[in-house]
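query-v4.txt, holding compact mmCIF, C-alpha atoms:
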```txt
# COMPACT_ATOMS: atom_id res chain seq x y z
CA MET A 1 0.00 0.00 0.00
CA PRO A 2 1.28 3.52 -0.67
CA THR A 3 2.44 5.46 2.32
CA PRO A 4 0.19 8.33 3.43
CA PRO A 5 1.21 11.82 2.29
CA LYS A 6 3.60 13.68 4.54
CA ALA A 7 3.30 17.31 5.59
CA PRO A 8 4.63 19.35 2.66
CA VAL A 9 8.04 20.91 3.13
CA ASP A 10 10.67 22.23 0.80
CA GLY A 11 13.82 20.17 0.47
CA PRO A 12 14.67 16.60 1.41
CA SER A 13 12.56 14.48 3.72
CA ASP A 14 14.70 12.62 6.26
CA ASP A 15 12.15 11.23 8.72
CA PRO A 16 13.29 7.92 10.24
CA SER A 17 9.76 7.34 11.54
CA THR A 18 8.51 6.75 8.02
CA ALA A 19 6.32 3.64 7.92
CA PRO A 20 8.24 0.46 7.05
CA PRO A 21 8.01 -0.90 3.54
CA ALA A 22 4.97 -2.97 2.67
CA PRO A 23 5.44 -6.68 3.33
CA GLY A 24 5.68 -9.08 0.44
CA ALA A 25 8.30 -7.27 -1.60
CA GLY A 26 11.49 -9.16 -2.34
CA ARG A 27 13.77 -6.14 -2.19
CA ALA A 28 13.37 -2.50 -1.31
CA LEU A 29 14.73 0.32 -3.48
CA CYS A 30 16.76 3.21 -2.08
CA ARG A 31 15.70 6.36 -3.88
CA ASP A 32 18.92 8.18 -2.92
CA CYS A 33 21.56 5.74 -4.13
CA GLY A 34 19.72 3.02 -6.06
CA ALA A 35 20.73 0.19 -3.73
CA ARG A 36 18.38 -2.77 -3.26
CA PRO A 37 18.34 -3.62 0.45
CA PRO A 38 16.03 -6.25 1.99
CA GLU A 39 12.38 -5.33 2.28
CA THR A 40 12.60 -5.17 6.07
CA ALA A 41 15.29 -2.46 6.06
CA ARG A 42 14.33 0.87 7.58
CA ARG A 43 17.46 2.63 6.32
CA CYS A 44 19.65 1.95 3.33
CA PRO A 45 22.71 -0.04 4.44
CA SER A 46 24.71 1.57 1.61
CA CYS A 47 24.02 5.28 2.17
CA GLY A 48 21.99 5.45 5.37
CA SER A 49 18.96 7.08 3.72
CA PRO A 50 15.49 6.34 5.12
CA ARG A 51 13.94 7.03 1.70
CA LEU A 52 13.26 3.39 0.86
CA ILE A 53 10.35 2.04 -1.11
CA ALA A 54 9.21 -1.56 -1.24
CA HIS A 55 6.16 -3.10 -2.83
CA ALA A 56 5.14 -6.56 -3.97
CA GLU A 57 4.74 -5.30 -7.56
CA LEU A 58 7.64 -2.83 -7.54
CA ASP A 59 9.65 -4.52 -10.31
CA ALA A 60 6.60 -5.56 -12.37
CA LEU A 61 5.02 -2.13 -12.98
CA ALA A 62 5.94 0.11 -15.91
CA ILE A 63 3.40 2.97 -16.21
CA ALA A 64 4.54 6.17 -14.53
CA HIS A 65 3.39 9.72 -13.99
CA ILE A 66 6.16 12.26 -13.36
CA ASP A 67 5.24 15.65 -11.93
CA CYS A 68 7.67 18.45 -11.10
CA ASP A 69 7.24 19.79 -7.56
CA ALA A 70 5.91 23.38 -7.43
CA PHE A 71 7.62 23.79 -10.79
CA TYR A 72 7.69 27.56 -11.41
CA ALA A 73 8.62 28.31 -7.80
CA SER A 74 11.29 25.60 -7.84
CA VAL A 75 12.90 27.11 -10.93
CA GLU A 76 12.92 30.55 -9.29
CA LYS A 77 14.52 29.13 -6.12
CA ARG A 78 17.08 27.31 -8.21
CA ASP A 79 18.04 30.55 -9.93
CA ASN A 80 18.11 32.59 -6.72
CA PRO A 81 19.43 30.56 -3.75
CA GLU A 82 18.51 33.41 -1.38
CA LEU A 83 14.88 32.30 -1.81
CA ALA A 84 15.56 28.75 -0.60
CA ASP A 85 13.96 29.13 2.85
CA LYS A 86 11.39 31.77 1.94
CA PRO A 87 7.75 31.42 0.86
CA VAL A 88 7.59 32.08 -2.87
CA ILE A 89 4.49 32.81 -4.93
CA VAL A 90 4.64 32.97 -8.71
CA GLY A 91 1.72 35.00 -9.98
CA GLY A 92 0.53 38.20 -11.48
CA GLY A 93 -0.18 41.49 -9.77
CA GLN A 94 -2.74 42.36 -7.14
CA ARG A 95 -5.66 41.21 -9.26
CA GLY A 96 -4.13 38.19 -10.95
CA VAL A 97 -4.05 34.65 -9.65
CA VAL A 98 -1.39 32.37 -8.20
CA SER A 99 0.30 30.37 -10.95
CA THR A 100 2.08 28.22 -8.39
CA CYS A 101 3.69 28.54 -5.00
CA CYS A 102 6.36 26.70 -3.06
CA TYR A 103 5.51 24.28 -0.26
CA ILE A 104 6.41 26.80 2.43
CA ALA A 105 3.71 29.13 1.05
CA ARG A 106 1.28 26.20 0.89
CA ILE A 107 1.69 25.66 4.62
CA HIS A 108 0.26 29.18 5.02
CA GLY A 109 -2.78 28.23 2.92
CA VAL A 110 -1.73 29.56 -0.48
CA ARG A 111 -2.92 27.47 -3.42
CA SER A 112 -2.65 27.56 -7.21
CA ALA A 113 -5.39 29.62 -8.93
CA MET A 114 -6.05 31.55 -5.71
CA PRO A 115 -6.61 35.29 -6.28
CA MET A 116 -3.42 37.16 -5.53
CA PHE A 117 -5.01 39.43 -2.94
CA LYS A 118 -6.08 36.38 -0.93
CA ALA A 119 -2.61 34.83 -1.30
CA ARG A 120 -1.03 38.04 0.05
CA GLN A 121 -3.41 37.99 3.00
CA ALA A 122 -2.64 34.34 3.73
CA CYS A 123 1.12 34.78 3.46
CA PRO A 124 2.10 38.46 3.78
CA ASP A 125 5.83 37.62 3.95
CA ALA A 126 5.84 35.79 0.63
CA VAL A 127 8.18 36.81 -2.16
CA ILE A 128 6.01 37.53 -5.23
CA ILE A 129 7.55 36.79 -8.63
CA ARG A 130 6.02 37.47 -12.01
CA PRO A 131 5.89 34.34 -14.20
CA ASP A 132 8.67 33.93 -16.75
CA MET A 133 7.00 31.44 -19.08
CA ALA A 134 9.87 31.39 -21.56
CA LYS A 135 12.28 30.30 -18.81
CA TYR A 136 9.90 27.68 -17.46
CA ALA A 137 9.34 26.34 -20.98
CA ARG A 138 13.10 25.93 -21.47
CA VAL A 139 13.47 23.98 -18.24
CA GLY A 140 10.38 21.93 -19.03
CA ARG A 141 11.78 21.00 -22.45
CA GLU A 142 15.08 19.94 -20.88
CA ILE A 143 13.25 17.61 -18.48
CA ARG A 144 11.03 16.33 -21.29
CA GLU A 145 14.06 15.39 -23.37
CA ARG A 146 15.45 13.49 -20.42
CA MET A 147 12.16 11.59 -20.21
CA ARG A 148 12.39 10.70 -23.88
CA ALA A 149 15.84 9.27 -23.26
CA LEU A 150 14.13 6.74 -20.99
CA THR A 151 11.37 5.72 -23.41
CA PRO A 152 9.79 7.01 -26.64
CA LEU A 153 6.38 6.59 -24.99
CA VAL A 154 6.13 9.96 -23.25
CA GLU A 155 2.73 11.67 -23.12
CA PRO A 156 3.02 15.29 -21.94
CA LEU A 157 0.13 16.67 -19.90
CA SER A 158 1.58 20.11 -19.29
CA ILE A 159 4.88 21.95 -19.19
CA ASP A 160 5.93 20.06 -16.03
CA GLU A 161 4.24 16.65 -16.05
CA ALA A 162 3.91 13.61 -18.29
CA PHE A 163 3.00 9.94 -18.44
CA LEU A 164 5.69 7.41 -19.37
CA ASP A 165 5.42 3.78 -20.41
CA LEU A 166 8.69 1.98 -19.66
CA THR A 167 7.49 -1.46 -20.72
CA GLY A 168 10.36 -3.41 -22.27
CA THR A 169 13.10 -0.93 -21.31
CA GLU A 170 14.87 -3.23 -18.86
CA ARG A 171 17.49 -4.37 -21.38
CA LEU A 172 18.10 -0.82 -22.58
CA HIS A 173 18.70 0.62 -19.10
CA HIS A 174 19.91 -2.56 -17.37
CA ALA A 175 17.38 -1.82 -14.63
CA SER A 176 13.72 -2.25 -13.81
CA PRO A 177 11.38 0.69 -14.57
CA ALA A 178 11.32 1.54 -10.85
CA GLU A 179 15.12 1.72 -10.69
CA THR A 180 15.25 3.75 -13.91
CA LEU A 181 12.69 6.24 -12.58
CA ALA A 182 14.49 6.64 -9.25
CA ARG A 183 17.75 7.33 -11.09
CA PHE A 184 15.94 9.82 -13.34
CA ALA A 185 14.59 11.71 -10.32
CA ARG A 186 18.06 11.89 -8.76
CA GLU A 187 19.66 13.14 -11.97
CA VAL A 188 17.01 15.81 -12.63
CA GLU A 189 17.40 17.14 -9.10
CA ALA A 190 21.21 17.15 -9.27
CA GLU A 191 21.68 18.37 -12.85
CA VAL A 192 18.58 20.46 -13.62
CA GLY A 193 18.05 21.76 -10.11
CA VAL A 194 14.36 20.97 -9.57
CA SER A 195 12.75 17.99 -7.87
CA VAL A 196 10.11 15.65 -9.24
CA SER A 197 7.60 13.22 -7.78
CA VAL A 198 7.00 9.82 -9.37
CA GLY A 199 3.89 7.68 -9.38
CA LEU A 200 4.38 4.09 -10.57
CA ALA A 201 1.33 1.92 -11.17
CA ALA A 202 -0.50 -0.53 -13.36
CA ASN A 203 -2.16 2.19 -15.48
CA LYS A 204 -2.36 5.95 -16.09
CA PHE A 205 -5.24 6.62 -13.69
CA LEU A 206 -3.45 5.02 -10.75
CA ALA A 207 -0.05 6.48 -11.69
CA LYS A 208 -1.48 10.02 -11.65
CA ILE A 209 -2.93 9.45 -8.18
CA ALA A 210 0.31 7.89 -6.93
CA SER A 211 2.47 10.85 -7.96
CA ASP A 212 0.50 13.08 -5.55
CA LEU A 213 0.78 10.80 -2.52
CA ASP A 214 4.25 11.69 -1.26
CA LYS A 215 5.12 15.18 -2.54
CA PRO A 216 7.64 16.71 -2.70
CA ARG A 217 10.43 14.42 -3.92
CA GLY A 218 7.96 11.57 -3.79
CA PHE A 219 7.90 8.06 -5.18
CA ALA A 220 4.72 6.08 -4.54
CA VAL A 221 3.45 2.82 -5.97
CA ILE A 222 -0.11 1.55 -6.47
CA GLY A 223 -0.32 -2.02 -7.69
CA ALA A 224 -3.22 -3.57 -9.58
CA GLY A 225 -3.94 -6.00 -6.75
CA GLU A 226 -4.52 -3.29 -4.14
CA ALA A 227 -6.19 -0.65 -6.34
CA ALA A 228 -9.84 -1.26 -5.47
CA ALA A 229 -9.17 -1.40 -1.74
CA PHE A 230 -6.94 1.67 -1.87
CA LEU A 231 -9.60 3.70 -3.72
CA ALA A 232 -12.60 2.59 -1.67
CA ASP A 233 -12.57 5.37 0.95
CA LYS A 234 -11.39 8.12 -1.40
CA PRO A 235 -13.75 10.92 -2.52
CA ILE A 236 -15.29 10.57 -5.97
CA GLY A 237 -13.64 13.86 -6.96
CA LEU A 238 -10.35 11.95 -7.19
CA ILE A 239 -11.59 10.44 -10.45
CA TRP A 240 -10.50 12.28 -13.60
CA GLY A 241 -13.32 14.22 -15.22
CA VAL A 242 -15.50 14.47 -12.12
CA GLY A 243 -15.72 18.21 -11.56
CA LYS A 244 -17.55 20.14 -8.88
CA VAL A 245 -20.88 20.21 -10.73
CA PHE A 246 -20.88 16.46 -11.33
CA GLN A 247 -19.69 15.82 -7.76
CA LYS A 248 -22.74 17.71 -6.50
CA LYS A 249 -25.04 15.68 -8.73
CA LEU A 250 -23.51 12.46 -7.43
CA ALA A 251 -23.71 13.70 -3.84
CA ASP A 252 -27.38 14.54 -4.33
CA ASP A 253 -27.80 10.89 -5.34
CA GLY A 254 -26.04 9.77 -2.17
CA LEU A 255 -22.69 8.95 -3.81
CA ARG A 256 -19.64 10.51 -2.20
CA THR A 257 -16.92 7.86 -2.08
CA ILE A 258 -15.39 5.66 -4.74
CA GLY A 259 -16.32 2.63 -2.64
CA GLN A 260 -19.99 3.50 -3.11
CA LEU A 261 -19.45 3.43 -6.87
CA GLN A 262 -17.72 0.06 -6.57
CA ALA A 263 -20.87 -1.37 -4.99
CA LEU A 264 -23.03 -0.38 -7.97
CA ASP A 265 -23.51 -2.33 -11.18
CA ALA A 266 -21.98 -0.82 -14.32
CA THR A 267 -25.35 -1.07 -16.09
CA ASP A 268 -27.00 0.92 -13.31
CA LEU A 269 -24.31 3.62 -13.47
CA ALA A 270 -24.65 3.81 -17.26
CA ARG A 271 -28.42 4.14 -16.96
CA ARG A 272 -28.06 6.97 -14.47
CA TYR A 273 -25.13 8.88 -15.96
CA GLY A 274 -24.64 7.67 -19.54
CA ALA A 275 -21.09 7.31 -20.88
CA MET A 276 -19.69 8.96 -17.77
CA GLY A 277 -21.37 6.25 -15.69
CA LEU A 278 -19.45 3.57 -17.56
CA ARG A 279 -16.25 5.53 -16.99
CA LEU A 280 -17.01 5.71 -13.27
CA ALA A 281 -17.65 1.97 -13.11
CA THR A 282 -14.27 1.22 -14.68
CA LEU A 283 -12.07 3.72 -12.86
CA ALA A 284 -13.70 3.09 -9.48
CA HIS A 285 -12.14 -0.38 -9.54
CA GLY A 286 -8.74 0.98 -10.61
CA ARG A 287 -9.05 -0.22 -14.20
CA ASP A 288 -7.86 2.00 -17.05
CA ASP A 289 -6.98 0.70 -20.51
CA ARG A 290 -5.82 4.00 -22.02
CA ARG A 291 -2.37 3.77 -23.56
CA VAL A 292 0.44 6.26 -23.05
CA SER A 293 0.28 8.22 -26.30
CA PRO A 294 3.21 10.40 -27.37
CA THR A 295 0.99 11.93 -30.08
CA ARG A 296 -1.59 13.34 -27.69
CA ASP A 297 -3.38 16.15 -29.52
CA VAL A 298 -2.73 19.75 -28.53
CA LYS A 299 -5.74 21.89 -29.40
CA SER A 300 -4.28 25.36 -28.96
CA VAL A 301 -1.34 27.37 -27.63
CA SER A 302 -2.15 30.60 -25.82
CA ASN A 303 -1.00 33.08 -23.20
CA GLU A 304 -2.72 35.86 -21.28
CA THR A 305 -2.06 38.43 -18.59
CA THR A 306 -4.24 40.17 -16.00
CA PHE A 307 -3.51 43.84 -15.28
CA ASP A 308 -3.03 45.41 -11.85
CA THR A 309 -5.31 48.26 -12.97
CA ASP A 310 -7.76 48.38 -15.87
CA ILE A 311 -6.33 49.59 -19.19
CA ALA A 312 -8.19 51.42 -21.94
CA ASP A 313 -5.24 52.87 -23.88
CA PHE A 314 -4.75 51.09 -27.22
CA ASP A 315 -0.98 51.53 -27.33
CA ARG A 316 -0.52 49.97 -23.87
CA LEU A 317 -2.75 47.06 -24.82
CA ARG A 318 -0.87 46.69 -28.08
CA ALA A 319 2.51 46.52 -26.32
CA LEU A 320 1.25 43.77 -24.02
CA LEU A 321 -0.20 41.94 -27.01
CA ARG A 322 3.21 41.99 -28.71
CA ARG A 323 4.92 40.40 -25.71
CA LEU A 324 2.25 37.71 -25.43
CA SER A 325 2.50 37.01 -29.17
CA GLU A 326 6.26 36.44 -28.83
CA GLU A 327 5.72 33.99 -25.98
CA VAL A 328 3.07 32.05 -27.92
CA SER A 329 5.33 32.01 -30.98
CA GLU A 330 8.24 30.66 -28.95
CA ARG A 331 6.10 27.80 -27.64
CA LEU A 332 4.82 26.99 -31.13
CA LYS A 333 8.33 26.87 -32.56
CA HIS A 334 9.68 24.64 -29.83
CA ALA A 335 6.68 22.29 -30.15
CA ASP A 336 6.98 22.32 -33.97
CA LEU A 337 3.38 23.51 -34.32
CA ALA A 338 1.76 26.00 -36.67
CA GLY A 339 -1.84 27.19 -36.66
CA ARG A 340 -4.28 28.89 -39.00
CA THR A 341 -6.51 30.62 -36.43
CA VAL A 342 -5.49 33.49 -34.14
CA THR A 343 -7.82 34.26 -31.24
CA LEU A 344 -7.80 37.45 -29.17
CA LYS A 345 -9.20 37.30 -25.63
CA LEU A 346 -10.22 40.33 -23.59
CA LYS A 347 -11.92 40.67 -20.21
CA THR A 348 -13.72 43.93 -19.55
CA ALA A 349 -13.72 45.85 -16.28
CA ASP A 350 -17.13 44.33 -15.50
CA PHE A 351 -15.73 40.79 -16.06
CA ARG A 352 -17.29 40.14 -19.47
CA ILE A 353 -15.06 37.90 -21.61
CA LEU A 354 -14.74 38.77 -25.30
CA THR A 355 -13.10 36.49 -27.87
CA ARG A 356 -12.44 37.44 -31.47
CA ALA A 357 -10.81 35.12 -34.02
CA ARG A 358 -9.20 35.45 -37.44
CA SER A 359 -8.36 32.70 -39.92
CA LEU A 360 -5.07 33.17 -41.77
CA SER A 361 -4.37 32.24 -45.35
CA ALA A 362 -1.60 29.87 -44.22
CA PRO A 363 -0.57 28.39 -40.87
CA THR A 364 1.90 30.41 -38.83
CA GLN A 365 4.28 30.13 -35.92
CA LEU A 366 5.76 33.63 -36.30
CA ALA A 367 5.25 36.25 -33.60
CA ASP A 368 4.96 38.91 -36.30
CA ARG A 369 1.92 37.34 -37.97
CA ILE A 370 0.29 36.39 -34.67
CA PHE A 371 0.70 39.92 -33.38
CA ARG A 372 -0.55 41.59 -36.57
CA ALA A 373 -3.68 39.44 -36.63
CA GLY A 374 -4.27 40.12 -32.93
CA GLU A 375 -3.59 43.83 -33.36
CA ASP A 376 -6.22 44.11 -36.06
CA LEU A 377 -8.75 42.33 -33.86
CA LEU A 378 -7.82 44.57 -30.94
CA ARG A 379 -8.54 47.71 -33.00
CA GLY A 380 -12.14 46.64 -33.29
CA GLU A 381 -12.54 46.33 -29.53
CA ALA A 382 -10.31 49.06 -28.05
CA ASP A 383 -13.00 51.76 -28.26
CA GLY A 384 -12.38 53.42 -24.92
CA ARG A 385 -13.61 50.53 -22.81
CA ARG A 386 -11.39 49.51 -19.92
CA PHE A 387 -9.99 45.97 -19.84
CA ARG A 388 -8.54 43.90 -17.02
CA LEU A 389 -7.07 41.05 -19.12
CA ILE A 390 -5.71 40.42 -22.60
CA GLY A 391 -4.68 37.14 -24.20
CA ILE A 392 -3.72 35.71 -27.58
CA GLY A 393 -3.81 32.14 -28.86
CA VAL A 394 -3.23 30.04 -31.97
CA SER A 395 -5.25 26.96 -32.94
CA ASP A 396 -6.40 24.93 -35.97
CA PHE A 397 -2.98 23.33 -36.35
CA ALA A 398 -1.60 22.18 -39.69
CA ASP A 399 1.63 20.65 -40.96
CA PRO A 400 4.38 23.17 -40.02
CA VAL A 401 6.12 22.46 -43.33
CA HIS A 402 3.46 24.67 -44.91
CA ALA A 403 3.82 27.47 -42.37
CA ASP A 404 4.61 31.08 -43.22
CA PRO A 405 5.15 31.08 -47.00
CA ASP A 406 6.31 34.25 -48.71
CA ASP A 407 3.60 36.89 -48.89
CA LEU A 408 3.34 38.29 -52.44
CA VAL A 409 0.98 41.05 -51.27
CA ASP A 410 3.26 42.19 -48.45
CA PRO A 411 6.91 41.81 -49.61
CA ALA A 412 8.17 43.18 -46.29
CA ALA A 413 6.66 40.17 -44.48
CA GLY A 414 9.49 37.95 -45.70
CA GLN A 415 12.08 40.39 -44.41
CA ARG A 416 10.36 40.52 -41.01
CA ALA A 417 10.23 36.71 -40.90
CA ARG A 418 13.95 36.42 -41.60
CA ALA A 419 14.71 39.02 -38.95
CA GLU A 420 12.57 37.14 -36.43
CA ARG A 421 14.37 33.86 -37.13
CA ALA A 422 17.71 35.61 -36.72
CA VAL A 423 16.57 36.92 -33.34
CA ASP A 424 15.44 33.38 -32.42
CA ALA A 425 18.91 32.06 -33.22
CA LEU A 426 20.58 34.71 -31.05
CA ARG A 427 18.21 34.08 -28.14
CA SER A 428 18.72 30.33 -28.44
CA ARG A 429 22.47 30.83 -28.10
CA PHE A 430 22.68 33.68 -25.60
CA GLY A 431 19.29 33.70 -23.82
CA ARG A 432 16.11 35.70 -24.29
CA ALA A 433 17.55 38.84 -22.71
CA ALA A 434 20.24 39.00 -25.42
CA VAL A 435 17.80 40.72 -27.80
CA GLU A 436 14.98 43.00 -26.72
CA LEU A 437 12.56 43.99 -29.47
CA GLY A 438 11.03 47.43 -29.64
CA LEU A 439 7.59 48.27 -31.01
CA THR A 440 6.93 50.98 -33.54
CA LYS A 441 4.06 53.41 -33.10
CA ALA A 442 0.71 52.01 -34.18
CA GLY A 443 0.13 54.76 -36.72
CA ASP A 444 -2.75 54.45 -39.12
CA PRO A 445 -4.71 51.19 -39.06
CA ARG A 446 -3.23 48.67 -41.50
CA LYS A 447 -5.69 46.21 -42.98
CA GLN A 448 -4.79 42.58 -42.38
CA ARG A 449 -4.08 40.72 -45.59
CA ASP A 450 -4.64 37.27 -44.05
CA ARG A 451 -8.41 37.02 -44.38
```
Could you rewrite the structure in this file as structure tokens?
Amino acid sequence: MPTPPKAPVDGPSDDPSTAPPAPGAGRALCRDCGARPPETARRCPSCGSPRLIAHAELDALAIAHIDCDAFYASVEKRDNPELADKPVIVGGGQRGVVSTCCYIARIHGVRSAMPMFKARQACPDAVIIRPDMAKYARVGREIRERMRALTPLVEPLSIDEAFLDLTGTERLHHASPAETLARFAREVEAEVGVSVSVGLAANKFLAKIASDLDKPRGFAVIGAGEAAAFLADKPIGLIWGVGKVFQKKLADDGLRTIGQLQALDATDLARRYGAMGLRLATLAHGRDDRRVSPTRDVKSVSNETTFDTDIADFDRLRALLRRLSEEVSERLKHADLAGRTVTLKLKTADFRILTRARSLSAPTQLADRIFRAGEDLLRGEADGRRFRLIGIGVSDFADPVHADPDDLVDPAAGQRARAERAVDALRSRFGRAAVELGLTKAGDPRKQRDR
């Protein structure tokens, strides 16, 4: 059985009172040195670490979920050691939300997606850092490439987490998947400077749950044989896809725990809740036949920012739109994606959300084209109203080989594209701060040629 979650702290856990490994395992695994002591060991005889894991199915499981611990905050602490023992919140302004926070801040009650003013009230001593998405993306890509060195079956879920299927990799790595994953976690922490938590299980559903059990620097295992019993007393909200609205509906029907779902017939659940009922019947027993898919579809790439004070001025909105367009472009290029549709998002001072979209004549991944399409859409909305948020996104992806052809109507577009790629090359070599782009005055409205 997985060990219960510990109180979250930053840095290593070195608690000798940790529960002993589960009986039935042939050998334990030391997460700090990779040794394989007997299952009854409470500390590693090789390095003295108490961070041992043992499980009857430890060397038979191959599906993993890897999740970086408080990723944005961890990167910021890595880059500024003076923050190591301080509560850190990564988020935007007084009216934005918390993107993430370190475990010290979480002890004070700060949580992701919490409004910043509430986070400041909960932890007034916190160091507030604006998100640097380009930096986080670079670190995320480095970790992702390390995952792909373990197995080609890597399914990203976000910038800092992914599923891996290590089936059949024993001969390649001369180690079981569990040993390979423990070594991976050690190397990422030592060489990249951020920690990860690993969930190892019989399928994706259980692996995702396991990776949350022992954060930070966790490694938890849920075997197929124990899954139903382990899940029985857990809330139904633990199941993927069961949001707050559906949880309320289930609660109104007297269903609050996964064990209650286990007691119901699949036909009955399907009759009550349709296709979702069948999903509940399967996952409630810890069964999940979804494969780890490295070609998981990405629907869109976008970025947005919330302002500290409402903005009505077109030029200020335009400057923010340019920066967001560059960040979206950078993510598209690194993911080798190109899209035909550019979508502008605005939120008014009275919290109304406006979205406006434009289809381009050819797919793009260039900041210049994204910005120009967004700028034209912005002109139609920036009529003196005050806005509290602006965002830009690209969707309707197509083969990037067809992206950004020469524009016969706008000959200068090719020159701008070449200049942008030259800037990309410089930033790739010397860092983003090596080249800062200015923005010319808006001038007279220029009609978009990509209709």
Test item: residues at most 12 Å from region 331-336 of chain A, all atoms listed in the file, excluding those fewer than 3 positions along its chain, as JSON, numbers by chain: {"A": [133, 134, 135, 136, 137, 138, 140, 141, 142, 144, 156, 159, 295, 297, 298, 299, 300, 301, 302, 303, 324, 325, 326, 327, 328, 339, 363, 364, 365, 366, 367, 370, 393, 394, 395, 397, 398, 399, 400, 401, 402, 403, 420, 421, 424, 425, 428]}
Within 10 Å of region 280-292 of chain A using only C-alpha atoms, minus same-chain residues under 5 positions, as a tab-separated table (two decimals) with C-alpha atoms, keeping the file's coordinate frame:
```
chain	number	residue	atom	x	y	z
A	63	ILE	CA	3.40	2.97	-16.21
A	64	ALA	CA	4.54	6.17	-14.53
A	153	LEU	CA	6.38	6.59	-24.99
A	154	VAL	CA	6.13	9.96	-23.25
A	155	GLU	CA	2.73	11.67	-23.12
A	156	PRO	CA	3.02	15.29	-21.94
A	162	ALA	CA	3.91	13.61	-18.29
A	163	PHE	CA	3.00	9.94	-18.44
A	164	LEU	CA	5.69	7.41	-19.37
A	165	ASP	CA	5.42	3.78	-20.41
A	166	LEU	CA	8.69	1.98	-19.66
A	202	ALA	CA	-0.50	-0.53	-13.36
A	203	ASN	CA	-2.16	2.19	-15.48
A	204	LYS	CA	-2.36	5.95	-16.09
A	205	PHE	CA	-5.24	6.62	-13.69
A	206	LEU	CA	-3.45	5.02	-10.75
A	222	ILE	CA	-0.11	1.55	-6.47
A	223	GLY	CA	-0.32	-2.02	-7.69
A	224	ALA	CA	-3.22	-3.57	-9.58
A	225	GLY	CA	-3.94	-6.00	-6.75
A	226	GLU	CA	-4.52	-3.29	-4.14
A	227	ALA	CA	-6.19	-0.65	-6.34
A	228	ALA	CA	-9.84	-1.26	-5.47
A	229	ALA	CA	-9.17	-1.40	-1.74
A	230	PHE	CA	-6.94	1.67	-1.87
A	231	LEU	CA	-9.60	3.70	-3.72
A	232	ALA	CA	-12.60	2.59	-1.67
A	234	LYS	CA	-11.39	8.12	-1.40
A	236	ILE	CA	-15.29	10.57	-5.97
A	238	LEU	CA	-10.35	11.95	-7.19
A	239	ILE	CA	-11.59	10.44	-10.45
A	240	TRP	CA	-10.50	12.28	-13.60
A	241	GLY	CA	-13.32	14.22	-15.22
A	242	VAL	CA	-15.50	14.47	-12.12
A	257	THR	CA	-16.92	7.86	-2.08
A	258	ILE	CA	-15.39	5.66	-4.74
A	259	GLY	CA	-16.32	2.63	-2.64
A	260	GLN	CA	-19.99	3.50	-3.11
A	261	LEU	CA	-19.45	3.43	-6.87
A	262	GLN	CA	-17.72	0.06	-6.57
A	263	ALA	CA	-20.87	-1.37	-4.99
A	264	LEU	CA	-23.03	-0.38	-7.97
A	265	ASP	CA	-23.51	-2.33	-11.18
A	266	ALA	CA	-21.98	-0.82	-14.32
A	267	THR	CA	-25.35	-1.07	-16.09
A	268	ASP	CA	-27.00	0.92	-13.31
A	269	LEU	CA	-24.31	3.62	-13.47
A	270	ALA	CA	-24.65	3.81	-17.26
A	273	TYR	CA	-25.13	8.88	-15.96
A	275	ALA	CA	-21.09	7.31	-20.88
```
Minimum-distance residue to Ala113 (chain A), chosen among A:Thr355, A:Ile128, A:Gly91, A:Ala28 (using all atoms listed in the file): A:Gly91
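Candidate residues A:Arg358, A:Arg340, A:Arg36, A:Arg78 were compared for distance to Ala190 (chain A), and the nearest is A:Arg78, using all atoms listed in the file.
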Length of the CA of Asp67 (chain A) to CA of Val98 (chain A) vector [Å]: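 That distance, rounded to one decimal, is 18.4 Å.
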For region 208-210 of chain A: contacts at 6 Å, all atoms listed in the file, fewer than 3 positions along chain excluded, given as a PyMOL selection string: chain A and resi 65+199+205+213+220
Proximity to Cys33 (chain A) - best of A:Ala56, A:Ala62, A:Ala185, A:Ala84, all atoms listed in the file: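 Once distances to Cys33 (chain A) are computed over all atoms listed in the file, the minimum belongs to A:Ala185.
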CA of Leu389 (chain A) to CA of Ala357 (chain A), distance in Å rounded to a single decimal: 16.5 Å
